[in-house]
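Trainee: Below is a structure I'd like to ask you about.
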Amino acid sequence: MTTATDHAVHMRDKIYIGGEWVKSAGTGVLDVINPTTEQVMGSIPEGTVEDVDRAVAAARSAFESWSQTSVEERGDWMQRIAEALGARMDEIGELIAQEVGMPVKLANMIQAGLPTTTFGSMPQLMAELPWEEKVGNSLIVREPVGVVGAITPWNYPLHQIAAKVAPALAAGCTVVLKPSQVAPLNAVLLADVLDEVGLPAGVFNLVTGRGSVIGEALALHPDVDMISFTGSTAAGRRVSEAAAGTIKRVALELGGKSPNVIIEDADLQQAIKDGVSKCFLN
């Protein structure tokens, strides 16, 4: 059974930079394939290094004011974003079900539910975090690191985006996001949401394209202060190498697959059942 949304209706021809949907500097286009039907379900611009330069410049410019906003104000933004995502959960679930092949019921619960929860959890976490604390004779002050380049995978696409973008914005950082080219349309939807809620221009920027081009440019860029990457060990090794030239901070989540630690007094049968279920759910 197919629906109208199975067809190539998700054609997006712009990237999101400085609070505006703008044309890429390049002319390339990447198809997005529905893995269930193996049909083209949409397309995105194949971004360029010039696009990364523009996005980083916008994020750098926005950082000056965004980093000076109060914790309470940023918490309000996180709540607004969570509510806006919550209002579109059915749309998000259906879209990601098509992008990654997860059944719609699970996609609604997991692929749409988790990102909404992540943004919604930020205000409480921000209120509980000691932004300044005295330890002995020292004062520890937690400050935003700057411009964060976020590079995310396909398997839990919007959740992985939210897990990087929400804490970065909450901390007062600005972001340039490069989503997986395999499942990028949910990132475009997030940019739509952030635009609709009125997030200040340049605080969040989206450049779609190939990891070898966009990810590489972000890792190399002298005005990117931190890279957060989730993906393969080989790609993560390259991200680290590229980032080393500017000695930027790097956070990597690489190549793991559901390890289990089973304590001696555990119910072995239940532990195995639970572990297998969680390992292969997606």
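In the structure tokens, chains take the letters A, B, ... in the order shown, each chain's residues start at 1, and ligands count up from 1 in the order shown.
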Which polymer residues have any atom within 10 Å of an atom of Pro130 (chain A), counting only C-alpha atoms, with same-chain residues fewer than 3 positions away left out, as a PDB file with C-alpha atoms, in the first residue's frame?
Mentor:
ATOM      1  CA  LEU A 125      18.504  20.549  33.302  1.00  0.00           C
ATOM      2  CA  MET A 126      19.546  24.160  32.805  1.00  0.00           C
ATOM      3  CA  ALA A 127      17.913  25.154  36.074  1.00  0.00           C
ATOM      4  CA  GLU A 133      30.388  27.120  41.625  1.00  0.00           C
ATOM      5  CA  LYS A 134      33.184  27.687  44.076  1.00  0.00           C
ATOM      6  CA  ILE A 140      34.340  27.410  38.160  1.00  0.00           C
ATOM      7  CA  VAL A 141      32.339  29.229  35.470  1.00  0.00           C
ATOM      8  CA  ARG A 142      30.599  27.263  32.721  1.00  0.00           C
TER       9      ARG A 142
END
Trainee: Give the strand (DSSP E or B) residues of region 82-193 of chain A, as assigned by DSSP on the backbone, as number ranges by chain.
Mentor: A: 132-135, 138-141, 147-151, 174-178
Trainee: Next, the residues of the selection above should be written as a PDB file, in the first residue's frame with C-alpha atoms.
Mentor:
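Okay, selection.pdb is ready:
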ATOM      1  CA  GLU A 132      29.051  28.979  38.585  1.00  0.00           C
ATOM      2  CA  GLU A 133      30.388  27.120  41.625  1.00  0.00           C
ATOM      3  CA  LYS A 134      33.184  27.687  44.076  1.00  0.00           C
ATOM      4  CA  VAL A 135      35.562  24.814  44.727  1.00  0.00           C
ATOM      5  CA  SER A 138      38.584  28.577  42.697  1.00  0.00           C
ATOM      6  CA  LEU A 139      35.464  29.774  40.913  1.00  0.00           C
ATOM      7  CA  ILE A 140      34.340  27.410  38.160  1.00  0.00           C
ATOM      8  CA  VAL A 141      32.339  29.229  35.470  1.00  0.00           C
ATOM      9  CA  VAL A 147      30.291  27.738  17.206  1.00  0.00           C
ATOM     10  CA  VAL A 148      29.499  24.007  17.190  1.00  0.00           C
ATOM     11  CA  GLY A 149      29.590  21.902  14.043  1.00  0.00           C
ATOM     12  CA  ALA A 150      27.174  18.965  14.428  1.00  0.00           C
ATOM     13  CA  ILE A 151      27.482  15.960  12.084  1.00  0.00           C
ATOM     14  CA  THR A 174      25.418  28.527  17.975  1.00  0.00           C
ATOM     15  CA  VAL A 175      25.242  25.583  15.572  1.00  0.00           C
ATOM     16  CA  VAL A 176      25.946  24.560  12.001  1.00  0.00           C
ATOM     17  CA  LEU A 177      24.281  21.205  11.345  1.00  0.00           C
ATOM     18  CA  LYS A 178      25.291  18.716   8.657  1.00  0.00           C
TER      19      LYS A 178
END
Trainee: Looking at only C-alpha atoms, which of A:Cys279, A:Ile33, A:Leu190, A:Val182 is the one that sits closest to Glu91 (chain A)?
Mentor: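 Looking only at the distances to Glu91 (chain A), the closest residue turns out to be A:Leu190.
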Trainee: Going by DSSP on the backbone, which bits of region 128-238 of chain A are alpha helix (DSSP H)? Write them as an MDAnalysis selection string, please.
Mentor: chainID A and resid 128 157:171 185:197 216:220 233:238
Trainee: What's around Gly113 (chain A) at 9 Å? Count only C-alpha atoms, leave out sequence neighbours fewer than 5 positions away in its own chain, and write the answer as a VMD selection string.
Mentor: chain A and resid 85 to 86 89 93 107 to 108 118 159
Trainee: Mind dumping the selected residues with N, CA, C and O atoms as a CSV table (one decimal), in the first residue's frame?
Mentor:
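Everything below was put into again.csv:
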chain,number,residue,atom,x,y,z
A,85,LEU,N,7.7,21.1,18.1
A,85,LEU,CA,7.9,19.7,17.6
A,85,LEU,C,6.8,18.8,18.0
A,85,LEU,O,6.3,18.0,17.2
A,86,GLY,N,6.3,19.0,19.2
A,86,GLY,CA,5.2,18.1,19.7
A,86,GLY,C,3.9,18.3,18.8
A,86,GLY,O,3.2,17.3,18.6
A,89,MET,N,4.3,16.0,15.7
A,89,MET,CA,4.9,14.7,15.9
A,89,MET,C,4.4,13.7,14.8
A,89,MET,O,5.2,12.8,14.4
A,93,GLY,N,7.0,11.7,12.6
A,93,GLY,CA,7.0,10.2,12.6
A,93,GLY,C,6.8,9.6,11.2
A,93,GLY,O,7.6,8.7,10.8
A,107,ALA,N,8.0,4.8,14.8
A,107,ALA,CA,8.6,6.0,14.4
A,107,ALA,C,7.9,7.2,15.2
A,107,ALA,O,8.6,8.1,15.6
A,108,ASN,N,6.6,7.1,15.3
A,108,ASN,CA,5.9,8.2,16.1
A,108,ASN,C,6.4,8.2,17.5
A,108,ASN,O,6.6,9.3,18.1
A,118,THR,N,13.8,15.5,24.3
A,118,THR,CA,15.2,16.1,24.5
A,118,THR,C,15.1,17.6,24.6
A,118,THR,O,15.7,18.2,25.6
A,159,HIS,N,16.6,12.4,16.5
A,159,HIS,CA,17.0,12.3,17.9
A,159,HIS,C,18.5,12.6,18.0
A,159,HIS,O,18.9,13.3,19.0
Trainee: Which value, in Å to one decimal, gives the distance between CA of Leu199 (chain A) and CA of Ser67 (chain A)?
Mentor: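 Atom-to-atom, CA of Leu199 (chain A) to CA of Ser67 (chain A), that is 13.5 Å.
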Trainee: Using only C-alpha atoms, which of A:Ser240, A:Gln68, A:Thr117, A:Ser61 sits nearest Ile17 (chain A)?
Mentor: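 Smallest separation from Ile17 (chain A) among the options: A:Ser61.
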Trainee: For Lys257 (chain A), please output as a ChimeraX atom specification all residues within 12 Å (counting only C-alpha atoms; exclusion window: fewer than 4 positions along the same chain).
Mentor: /A:231-233,253,275-276,278-280,282
Trainee: Please produce a file of those selected residues containing N, CA and C atoms, as a CSV table (one decimal), in the first residue's frame.
Mentor:
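Here's the written file selection.csv:
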chain,number,residue,atom,x,y,z
A,231,GLY,N,29.0,8.6,14.1
A,231,GLY,CA,29.1,7.8,12.9
A,231,GLY,C,30.2,6.7,13.0
A,232,SER,N,30.7,6.4,11.8
A,232,SER,CA,31.7,5.3,11.8
A,232,SER,C,33.0,5.7,12.4
A,233,THR,N,33.8,4.7,12.8
A,233,THR,CA,35.1,4.9,13.3
A,233,THR,C,36.0,5.5,12.3
A,253,GLU,N,31.2,9.9,18.9
A,253,GLU,CA,30.4,8.6,19.2
A,253,GLU,C,30.6,7.7,18.0
A,275,GLY,N,18.1,-7.4,26.0
A,275,GLY,CA,19.3,-6.9,25.2
A,275,GLY,C,19.1,-7.1,23.7
A,276,VAL,N,18.6,-8.3,23.3
A,276,VAL,CA,18.3,-8.5,21.8
A,276,VAL,C,17.2,-7.6,21.3
A,278,LYS,N,16.4,-4.5,22.3
A,278,LYS,CA,16.9,-3.2,22.2
A,278,LYS,C,18.0,-3.1,21.1
A,279,CYS,N,18.8,-4.1,20.9
A,279,CYS,CA,19.8,-4.1,19.9
A,279,CYS,C,19.2,-4.0,18.5
A,280,PHE,N,18.1,-4.8,18.3
A,280,PHE,CA,17.6,-4.9,16.9
A,280,PHE,C,16.2,-4.2,16.7
A,282,ASN,N,15.6,-1.2,15.9
A,282,ASN,CA,15.6,-0.2,14.8
A,282,ASN,C,16.0,-0.9,13.5
Trainee: Looking at A:Thr246, A:Gln98, A:Ser121, A:Thr152, which one is nearest to Trp77 (chain A), with distances taken over only C-alpha atoms?
Mentor: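 Ranked by minimum distance to Trp77 (chain A), first place goes to A:Ser121.
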Trainee: Determine the nearest neighbour of Ala243 (chain A) from the options A:Met78, A:Ala219, A:Leu268, A:Ser258, counting only C-alpha atoms.
Mentor: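 That would be A:Ala219, the residue with the smallest distance to Ala243 (chain A).
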Trainee: So how many Å separate CA of Lys23 (chain A) and CA of Asn186 (chain A), to one decimal?
Mentor: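 So the two atoms, CA of Lys23 (chain A) and CA of Asn186 (chain A), lie 18.7 Å apart.
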Trainee: Please determine, counting only C-alpha atoms, which residue among A:Ala242, A:Ala87, A:Cys173, A:Ala235 has the shortest atom-to-atom distance to Ser65 (chain A).
Mentor: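 Of all the options, A:Cys173 lies closest to Ser65 (chain A).
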Trainee: Excluding Ala201 (chain A) and any residue of its chain fewer than 6 positions from it, enumerate the residues within 7 Å of it, using only C-alpha atoms, and give them as an mmCIF file with N, CA, C and O atoms, in the first residue's frame.
Mentor:
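See selection_20.cif below for the written result:
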data_model
loop_
_atom_site.group_PDB
_atom_site.id
_atom_site.type_symbol
_atom_site.label_atom_id
_atom_site.label_comp_id
_atom_site.auth_asym_id
_atom_site.auth_seq_id
_atom_site.Cartn_x
_atom_site.Cartn_y
_atom_site.Cartn_z
ATOM 1 N N GLY A 18 21.681 31.860 8.463
ATOM 2 C CA GLY A 18 21.403 33.203 8.945
ATOM 3 C C GLY A 18 19.933 33.545 9.053
ATOM 4 O O GLY A 18 19.529 34.691 8.831
ATOM 5 N N GLY A 19 19.112 32.528 9.392
ATOM 6 C CA GLY A 19 17.683 32.776 9.556
ATOM 7 C C GLY A 19 16.897 32.844 8.271
ATOM 8 O O GLY A 19 15.731 33.254 8.269
ATOM 9 N N ALA A 62 26.113 35.447 15.166
ATOM 10 C CA ALA A 62 25.005 35.296 16.113
ATOM 11 C C ALA A 62 25.488 34.937 17.514
ATOM 12 O O ALA A 62 24.794 35.209 18.500
#
Trainee: CA of Trp66 (chain A) and CA of Val193 (chain A) are how many Å apart?
Mentor: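 Atom-to-atom, CA of Trp66 (chain A) and CA of Val193 (chain A) are spaced 18.4 Å apart.
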Trainee: Which one of A:Val165, A:Met122, A:Ala97, A:Val203 sits closest to Glu64 (chain A) if you count only C-alpha atoms?
Mentor: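 Counting only C-alpha atoms, the residue closest to Glu64 (chain A) is A:Val203.
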